[in-house]
Amino acid sequence: MKFARLTLSLIAAGLLAACSSAPKTDADQGGAAVEERSSGASSAGIDNSRVVPVDAGSASGAGIAALKDPKSILSKRSVLFDYDSYVIKSEYQALIEAHAKFLLANPKMKMLIQGNTDERGSREYNLALGQKRADAVKKALTLLGVSDAQLESVSLGEEKPSCSDSSESCWAANRRGDMLYSGEF
Amino acid sequence: MNQRILTVLRRAVPGCALVLASAMVHAQLAIEITGAGANRMPVAIAAFEGENTLPRAVTDVVRADLERSGLFKMIELGPSPMGANAPVDYARVRSRGADAVAVGTVSASSGGRHQVQVQLHDSQKQVSLGGQAMMMAPNQYRATGHRIADFIYEKLTGEPGVFSTRIAYVLKVGTRYELQIADADGSNAQTALASKEPIISPAWSPDGTRLAYVSFESKKPVVYVHSLATGQRNVAANFKGSNSAPAWAPDGRRLAVVLTKDGQSQLYSVNADGSGVQRLASSAGIDTEPSWSIDGMIYFTSDRGGSPQIYRVSAGGGNAERVTFEGSYNVSPRPSPDGKSLVYVSRNGGRFQITMLDLASRQTQILTDTSKDESPSFAPNGRMILYATETGGRGVLAAVSADGRVKQRLSVQSGDVREPAWGPQPRN
């Protein structure tokens with residue numbers, strides 16, 4: 001299946017390469033190499049018939065279920081911030097502690113923390129502000145003993161709002177840090 | 001599907017038409033002129049002798065280009081053609097009120113190609129201002145029209161025209177993002193990259209063959225460099241954390257980027273292939289939105305002083321110097337092509353507007369009357385600034401002249417357009 005898709009995309013790429021105009025690239029088809037993200041092997045000297053399994057981190061069965069269980073605090077993944085603020089409010093302390101405990105119990109599990117902002121102002125400056133929110137969540141987790149190697153803080157800036165109206169309640173919902181676990185990003 | 005676009009595509013690249021056509025289903029950018037210059041020069045573009053043999057009249061393109069610049073008033077001379085080599089009836093041209101007139105001849109050449117000859121005349125002084133001859137395939141009437149408009153613009157203003165340049169922007173329709181490339185007049189839109197995740201901050205390489213941009217396709221911001229003619233792309237920066245705000249060095253070899261691998265957002269430079277990362281500057285706050293000036297300075301946004309303001313630092317290193325002092329929010333700096341002025345976005349009482357700063361006199365001028373302006377980008381001749389804004393809750397592109405007088409709006413029928421970048425002059 002995957003092979004068929006690859007073949008199709010290769011044919012498509014060939015067709016496109018034959019055009020004199022700028023061809024279209026589909027980001028959803030993957031393809032571009034990404035550094036530092038996976039433990040996959042590099043391309044040099046590889047036997048193409050072999051499949052190297054990549055362990056993206058496995059947790060104990062009970063632990064993983066808790067991440068999705070609406071009754072578990074671990075299913076809650078968002079920390080909301082005040083306007084122009086990068087301080088985690090005390091109401092999120094229990095949430096941060098629960099996730100720290102989970103990460104400590106599952107050292108192979110990794111977390112991607114995505115910082116977000118509201119829509120007002122420059123996209124790139126907002127990206128930098130969102131990073132401060134993600135970094136605040138990361139710092140709170142490392143202070144509780146979570147290894148830096150398990151955590152990556154990144155920013156989505158204003159690009160992925162959870163709410164898209166231009167209103168104060170909407171902007172408040174978009175000033176947040178989201179915690180994603182291995183397999184979710 | 002627009003039948004004419006398909007026909008043009010089929011003629012242009014047989015066999016590729018269907019592949020490309022699927023990328024063009026949405027969105028031709030439509031340009032509206034919303035403000036013009038104070039003293040527009042009256043100019044007539046006569047119908048060219050023989051141009052009725054082409055699929056579309058070259059002179060329609062020339063007139064639309066010159067009109068859109070806001071610097072010229074088009075004078076109608078009627079349908080009878082005026083050839084490049086025939087004597088010009090100056091009295092008739094003057095009686096219509098035109099100070100200059102372009103005449104031309106299109107003649108069949110070998111291999112189905114055509115030769116186009118153009119002559120520009122000053123109808124007051126009754127002298128020729130020069131001429132140009134070029135070869136074209138019948139489907140190149142747009143490109144040919146843009147080149148003629150560039151020639152006339154340069155003869156009449158003394159500055160190069162930008163009608164043959166291209167622009168890049170991001171079109172968002174529903175949850176789909178497309179990085180598109182179009183001619184400066186919005187025509188010929190083509191999709192370079194399609195994604196379900198956001199794409200921001202496209203930046204043209206100085207030679208116009210590549211775009212650097214930020215794509216979120218791997219759930220985090222990663223900087224790519226993409227060759228437009230081949231679709232080949234490579235990761236230029238994907239370090240732990242966020243990677244963003246690419247800006248090309250004038251030599252086209254290195255990029256300034258913003259990385260968070262060592263903490264807060266800071267400026268670095270990398271080779272276009274992603275190798276050779278180096279720190280460019282450091283501060284205790286956010287440093288972002290670098291933009292390289294022709295004089296070797298890098299302008300950027302920093303909140304090191306408490307609020308976001310514009311600073312500059314020599315690309316070779318040294319201390320950063322603060323550039324903006326008025327207001328509490330000045331971001332997204334772009335130096336003009338001659339390095340003498342700077343445009344940026346300033347917040348004025350809750351409105352975000354494009355502002356021009358003359359670096360020598362320190363005078364500032366708000367250029368726009370819109371209120372959600374973002375991402376300014378200079379035309380390569382420095383005359384116009386393209387930017388993103390919002391009207392009626394939709395993202396549109398707009399352009400304003402460096403003196404604030406000429407205004408245009410570029411929008412699509414459905415969808416949001418944002419993140420524009422004006423490409424360099426094509427290299428022939």
# chains A, B, ... in the order shown; residues from 1 in each chain; ligands from 1
$ interface_residues --of "chain B" --to "chain A" --cutoff "6 Å" --atoms "only C-alpha atoms" --output "PyMOL selection string"
chain B and resi 16+191-195+228-231+238+241-242+265
$ write_last_selection --atoms "N, CA and C atoms" --output "PDB file, in the first residue's frame"
ATOM      1  N   CYS B  16       1.016  18.825 -19.451  1.00  0.00           N
ATOM      2  CA  CYS B  16       1.088  19.244 -18.058  1.00  0.00           C
ATOM      3  C   CYS B  16      -0.182  19.967 -17.655  1.00  0.00           C
ATOM      4  N   THR B 191       0.533  26.676  -7.684  1.00  0.00           N
ATOM      5  CA  THR B 191       0.779  26.218  -6.322  1.00  0.00           C
ATOM      6  C   THR B 191       2.133  25.527  -6.230  1.00  0.00           C
ATOM      7  N   ALA B 192       2.989  26.046  -5.369  1.00  0.00           N
ATOM      8  CA  ALA B 192       4.307  25.427  -5.178  1.00  0.00           C
ATOM      9  C   ALA B 192       4.252  24.369  -4.087  1.00  0.00           C
ATOM     10  N   LEU B 193       3.413  24.577  -3.084  1.00  0.00           N
ATOM     11  CA  LEU B 193       3.325  23.629  -1.975  1.00  0.00           C
ATOM     12  C   LEU B 193       1.897  23.630  -1.445  1.00  0.00           C
ATOM     13  N   ALA B 194       1.348  22.433  -1.239  1.00  0.00           N
ATOM     14  CA  ALA B 194       0.023  22.311  -0.628  1.00  0.00           C
ATOM     15  C   ALA B 194       0.175  21.524   0.666  1.00  0.00           C
ATOM     16  N   SER B 195      -0.541  21.946   1.695  1.00  0.00           N
ATOM     17  CA  SER B 195      -0.379  21.287   2.990  1.00  0.00           C
ATOM     18  C   SER B 195      -1.637  21.419   3.825  1.00  0.00           C
ATOM     19  N   LEU B 228      11.726  26.399  -7.115  1.00  0.00           N
ATOM     20  CA  LEU B 228      10.406  26.479  -7.730  1.00  0.00           C
ATOM     21  C   LEU B 228      10.300  25.697  -9.031  1.00  0.00           C
ATOM     22  N   ALA B 229      11.354  25.695  -9.838  1.00  0.00           N
ATOM     23  CA  ALA B 229      11.252  25.066 -11.151  1.00  0.00           C
ATOM     24  C   ALA B 229      11.248  23.547 -11.067  1.00  0.00           C
ATOM     25  N   THR B 230      11.779  22.981  -9.979  1.00  0.00           N
ATOM     26  CA  THR B 230      11.859  21.517  -9.880  1.00  0.00           C
ATOM     27  C   THR B 230      10.976  20.952  -8.777  1.00  0.00           C
ATOM     28  N   GLY B 231      10.559  21.780  -7.830  1.00  0.00           N
ATOM     29  CA  GLY B 231       9.804  21.263  -6.695  1.00  0.00           C
ATOM     30  C   GLY B 231      10.688  20.592  -5.652  1.00  0.00           C
ATOM     31  N   ASN B 238      15.960  22.564  11.164  1.00  0.00           N
ATOM     32  CA  ASN B 238      15.020  21.780  11.968  1.00  0.00           C
ATOM     33  C   ASN B 238      15.720  21.333  13.244  1.00  0.00           C
ATOM     34  N   GLY B 241      13.010  22.472  19.123  1.00  0.00           N
ATOM     35  CA  GLY B 241      12.324  23.738  19.335  1.00  0.00           C
ATOM     36  C   GLY B 241      11.774  24.282  18.035  1.00  0.00           C
ATOM     37  N   SER B 242      11.617  25.600  17.953  1.00  0.00           N
ATOM     38  CA  SER B 242      11.013  26.233  16.775  1.00  0.00           C
ATOM     39  C   SER B 242      12.074  26.782  15.837  1.00  0.00           C
ATOM     40  N   SER B 265      13.774  32.686  21.413  1.00  0.00           N
ATOM     41  CA  SER B 265      13.947  32.929  19.978  1.00  0.00           C
ATOM     42  C   SER B 265      15.125  33.871  19.745  1.00  0.00           C
TER      43      SER B 265
END
$ residues_around --residues "Arg362 in chain B" --least-positions-apart "4" --cutoff "12 Å" --atoms "only C-alpha atoms" --output "number ranges by chain"
B: 323-326, 340-342, 356-358
$ atom_distance --atom1 "CA of Ala149 in chain B" --atom2 "CA of Ile167 in chain B"
17.4 Å
$ select_by_dssp --residues "range 84-317 of chain B" --states "alpha helix (DSSP H)" --output "list in words"
Tyr90, Ala91, Arg92, Val93, Arg94, Ser95, Tyr141, Arg142, Ala143, Thr144, Gly145, His146, Arg147, Ile148, Ala149, Asp150, Phe151, Ile152, Tyr153, Glu154, Lys155, Leu156 and Thr157 of chain B
$ select_by_dssp --residues "range 90-183 of chain B" --states "strand (DSSP E or B)" --output "MDAnalysis selection string"
chainID B and resid 100:108 114:122 127:136 166:173 176:183
$ write_last_selection --atoms "N, CA and C atoms" --output "short mmCIF file (atom, residue, chain, number, x, y, z; two decimals), in the first residue's frame"
data_model
loop_
_atom_site.label_atom_id
_atom_site.label_comp_id
_atom_site.auth_asym_id
_atom_site.auth_seq_id
_atom_site.Cartn_x
_atom_site.Cartn_y
_atom_site.Cartn_z
N ALA B 100 2.61 61.19 -24.04
CA ALA B 100 3.48 60.20 -24.68
C ALA B 100 2.60 59.16 -25.34
N VAL B 101 3.13 58.54 -26.39
CA VAL B 101 2.37 57.50 -27.07
C VAL B 101 3.31 56.34 -27.44
N ALA B 102 2.81 55.11 -27.23
CA ALA B 102 3.56 53.93 -27.66
C ALA B 102 2.87 53.35 -28.87
N VAL B 103 3.66 53.05 -29.91
CA VAL B 103 3.13 52.43 -31.11
C VAL B 103 3.92 51.15 -31.35
N GLY B 104 3.36 50.24 -32.13
CA GLY B 104 4.08 48.98 -32.30
C GLY B 104 3.58 48.14 -33.45
N THR B 105 4.40 47.15 -33.79
CA THR B 105 4.07 46.23 -34.87
C THR B 105 4.37 44.80 -34.44
N VAL B 106 3.39 43.93 -34.66
CA VAL B 106 3.58 42.50 -34.41
C VAL B 106 3.64 41.83 -35.77
N SER B 107 4.75 41.10 -36.05
CA SER B 107 4.85 40.44 -37.35
C SER B 107 5.26 38.99 -37.16
N ALA B 108 4.74 38.13 -38.05
CA ALA B 108 5.03 36.70 -37.96
C ALA B 108 6.50 36.46 -38.25
N HIS B 114 6.54 35.33 -33.12
CA HIS B 114 6.26 36.67 -33.61
C HIS B 114 7.34 37.62 -33.15
N GLN B 115 7.57 38.64 -34.00
CA GLN B 115 8.44 39.72 -33.55
C GLN B 115 7.55 40.89 -33.16
N VAL B 116 7.88 41.51 -32.03
CA VAL B 116 7.14 42.69 -31.59
C VAL B 116 8.11 43.86 -31.54
N GLN B 117 7.76 44.92 -32.28
CA GLN B 117 8.57 46.15 -32.23
C GLN B 117 7.74 47.24 -31.57
N VAL B 118 8.37 47.97 -30.68
CA VAL B 118 7.68 49.05 -29.97
C VAL B 118 8.48 50.33 -30.10
N GLN B 119 7.79 51.43 -30.28
CA GLN B 119 8.44 52.74 -30.26
C GLN B 119 7.66 53.64 -29.31
N LEU B 120 8.38 54.37 -28.49
CA LEU B 120 7.73 55.30 -27.56
C LEU B 120 8.06 56.73 -28.01
N HIS B 121 7.05 57.58 -28.08
CA HIS B 121 7.26 58.96 -28.55
C HIS B 121 6.78 59.97 -27.53
N ASP B 122 7.52 61.07 -27.45
CA ASP B 122 7.09 62.23 -26.66
C ASP B 122 6.26 63.09 -27.62
N VAL B 127 9.43 63.76 -30.46
CA VAL B 127 10.64 62.97 -30.68
C VAL B 127 10.41 61.55 -30.19
N SER B 128 11.22 60.63 -30.74
CA SER B 128 11.17 59.26 -30.25
C SER B 128 11.95 59.17 -28.94
N LEU B 129 11.39 58.44 -27.97
CA LEU B 129 12.10 58.22 -26.70
C LEU B 129 12.82 56.88 -26.70
N GLY B 130 12.76 56.19 -27.85
CA GLY B 130 13.46 54.91 -27.93
C GLY B 130 12.53 53.80 -28.33
N GLY B 131 13.13 52.66 -28.62
CA GLY B 131 12.32 51.52 -29.05
C GLY B 131 12.89 50.22 -28.57
N GLN B 132 12.13 49.17 -28.78
CA GLN B 132 12.55 47.85 -28.35
C GLN B 132 11.96 46.83 -29.31
N ALA B 133 12.69 45.75 -29.56
CA ALA B 133 12.14 44.66 -30.36
C ALA B 133 12.35 43.37 -29.61
N MET B 134 11.37 42.50 -29.63
CA MET B 134 11.51 41.21 -28.94
C MET B 134 10.76 40.12 -29.69
N MET B 135 11.18 38.87 -29.42
CA MET B 135 10.53 37.73 -30.04
C MET B 135 9.60 37.08 -29.02
N MET B 136 8.50 36.53 -29.49
CA MET B 136 7.59 35.87 -28.57
C MET B 136 6.83 34.74 -29.25
N ARG B 166 7.39 38.41 -9.97
CA ARG B 166 6.39 37.51 -9.42
C ARG B 166 6.21 37.76 -7.92
N ILE B 167 5.09 37.32 -7.42
CA ILE B 167 4.86 37.41 -5.98
C ILE B 167 4.56 36.01 -5.44
N ALA B 168 4.87 35.82 -4.17
CA ALA B 168 4.51 34.58 -3.47
C ALA B 168 3.57 34.96 -2.35
N TYR B 169 2.66 34.05 -2.01
CA TYR B 169 1.75 34.30 -0.90
C TYR B 169 1.15 32.96 -0.49
N VAL B 170 0.47 32.97 0.64
CA VAL B 170 -0.17 31.75 1.11
C VAL B 170 -1.68 31.92 1.00
N LEU B 171 -2.32 30.95 0.35
CA LEU B 171 -3.77 30.95 0.22
C LEU B 171 -4.31 29.90 1.19
N LYS B 172 -5.26 30.31 2.02
CA LYS B 172 -5.89 29.34 2.92
C LYS B 172 -7.35 29.20 2.52
N VAL B 173 -7.73 27.99 2.15
CA VAL B 173 -9.13 27.70 1.82
C VAL B 173 -9.56 26.56 2.73
N ARG B 176 -7.01 23.95 4.21
CA ARG B 176 -5.91 23.67 3.28
C ARG B 176 -5.09 24.94 3.03
N TYR B 177 -3.78 24.75 3.05
CA TYR B 177 -2.86 25.87 2.84
C TYR B 177 -2.11 25.64 1.54
N GLU B 178 -2.00 26.68 0.72
CA GLU B 178 -1.22 26.56 -0.50
C GLU B 178 -0.25 27.73 -0.60
N LEU B 179 1.01 27.41 -0.82
CA LEU B 179 1.99 28.44 -1.12
C LEU B 179 1.91 28.66 -2.62
N GLN B 180 1.50 29.85 -3.02
CA GLN B 180 1.30 30.11 -4.45
C GLN B 180 2.27 31.16 -4.97
N ILE B 181 2.54 31.05 -6.26
CA ILE B 181 3.38 32.00 -6.98
C ILE B 181 2.51 32.56 -8.10
N ALA B 182 2.45 33.88 -8.22
CA ALA B 182 1.68 34.49 -9.31
C ALA B 182 2.51 35.62 -9.91
N ASP B 183 2.10 36.05 -11.12
CA ASP B 183 2.70 37.24 -11.70
C ASP B 183 2.33 38.43 -10.81
#
$ atom_distance --atom1 "CA of Tyr92 in chain A" --atom2 "CA of Ala172 in chain A"
15.4 Å
$ atom_distance --atom1 "CA of Ser293 in chain B" --atom2 "CA of Asn234 in chain B"
25.1 Å
$ closest_residue --among "B:Ala44, B:Val257, B:Ala236, B:Ala247" --to "Ile152 in chain B" --atoms "only C-alpha atoms"
B:Ala44
$ residues_around --residues "Arg63 in chain B" --least-positions-apart "3" --cutoff "7 Å" --atoms "only C-alpha atoms" --output "ChimeraX atom specification"
/B:45,59-60,66-67,74
$ write_last_selection --atoms "N, CA and C atoms" --output "PDB file, in the first residue's frame"
ATOM      1  N   ILE B  45      -1.441  54.141 -25.321  1.00  0.00           N
ATOM      2  CA  ILE B  45      -0.851  52.941 -25.921  1.00  0.00           C
ATOM      3  C   ILE B  45      -1.747  52.610 -27.104  1.00  0.00           C
ATOM      4  N   THR B  59      -1.318  44.819 -26.040  1.00  0.00           N
ATOM      5  CA  THR B  59      -1.460  46.177 -25.504  1.00  0.00           C
ATOM      6  C   THR B  59      -2.472  46.245 -24.359  1.00  0.00           C
ATOM      7  N   ASP B  60      -3.416  45.273 -24.283  1.00  0.00           N
ATOM      8  CA  ASP B  60      -4.318  45.238 -23.121  1.00  0.00           C
ATOM      9  C   ASP B  60      -3.513  45.043 -21.839  1.00  0.00           C
ATOM     10  N   LEU B  66       0.314  49.661 -16.701  1.00  0.00           N
ATOM     11  CA  LEU B  66       0.648  51.067 -16.474  1.00  0.00           C
ATOM     12  C   LEU B  66      -0.433  51.759 -15.643  1.00  0.00           C
ATOM     13  N   GLU B  67      -1.693  51.433 -15.920  1.00  0.00           N
ATOM     14  CA  GLU B  67      -2.813  51.994 -15.156  1.00  0.00           C
ATOM     15  C   GLU B  67      -2.681  51.620 -13.671  1.00  0.00           C
ATOM     16  N   MET B  74      -4.381  56.433 -18.619  1.00  0.00           N
ATOM     17  CA  MET B  74      -4.424  55.867 -19.968  1.00  0.00           C
ATOM     18  C   MET B  74      -5.365  56.678 -20.845  1.00  0.00           C
TER      19      MET B  74
END
$ residues_around --residues "range 407-412 of chain B" --least-positions-apart "6" --cutoff "8 Å" --atoms "only C-alpha atoms" --output "list in words"
Ala27, Gln28, Leu29, Ala30, Ile31, Glu32, Ile33, Thr34, Gly35, Ala36, Arg68, Gly70, Gly186, Gly395, Val396, Leu397, Ala398, Ala399, Val400 and Ser401 of chain B
$ residues_around --residues "Asp373 in chain B" --least-positions-apart "4" --cutoff "7 Å" --atoms "only C-alpha atoms" --output "ChimeraX atom specification"
/B:345,352-354,387-389
$ closest_residue --among "A:Ile64, A:Ala105, A:Met179, A:Ile73" --to "Val146 in chain A" --atoms "only C-alpha atoms"
A:Ala105
$ closest_residue --among "B:Arg427, B:Pro198, B:Asn85, B:Pro250" --to "Pro161 in chain A" --atoms "only C-alpha atoms"
B:Pro198
$ closest_residue --among "A:Gln93, A:Ser162, A:His99, A:Ser72" --to "Tyr181 in chain A" --atoms "only C-alpha atoms"
A:His99
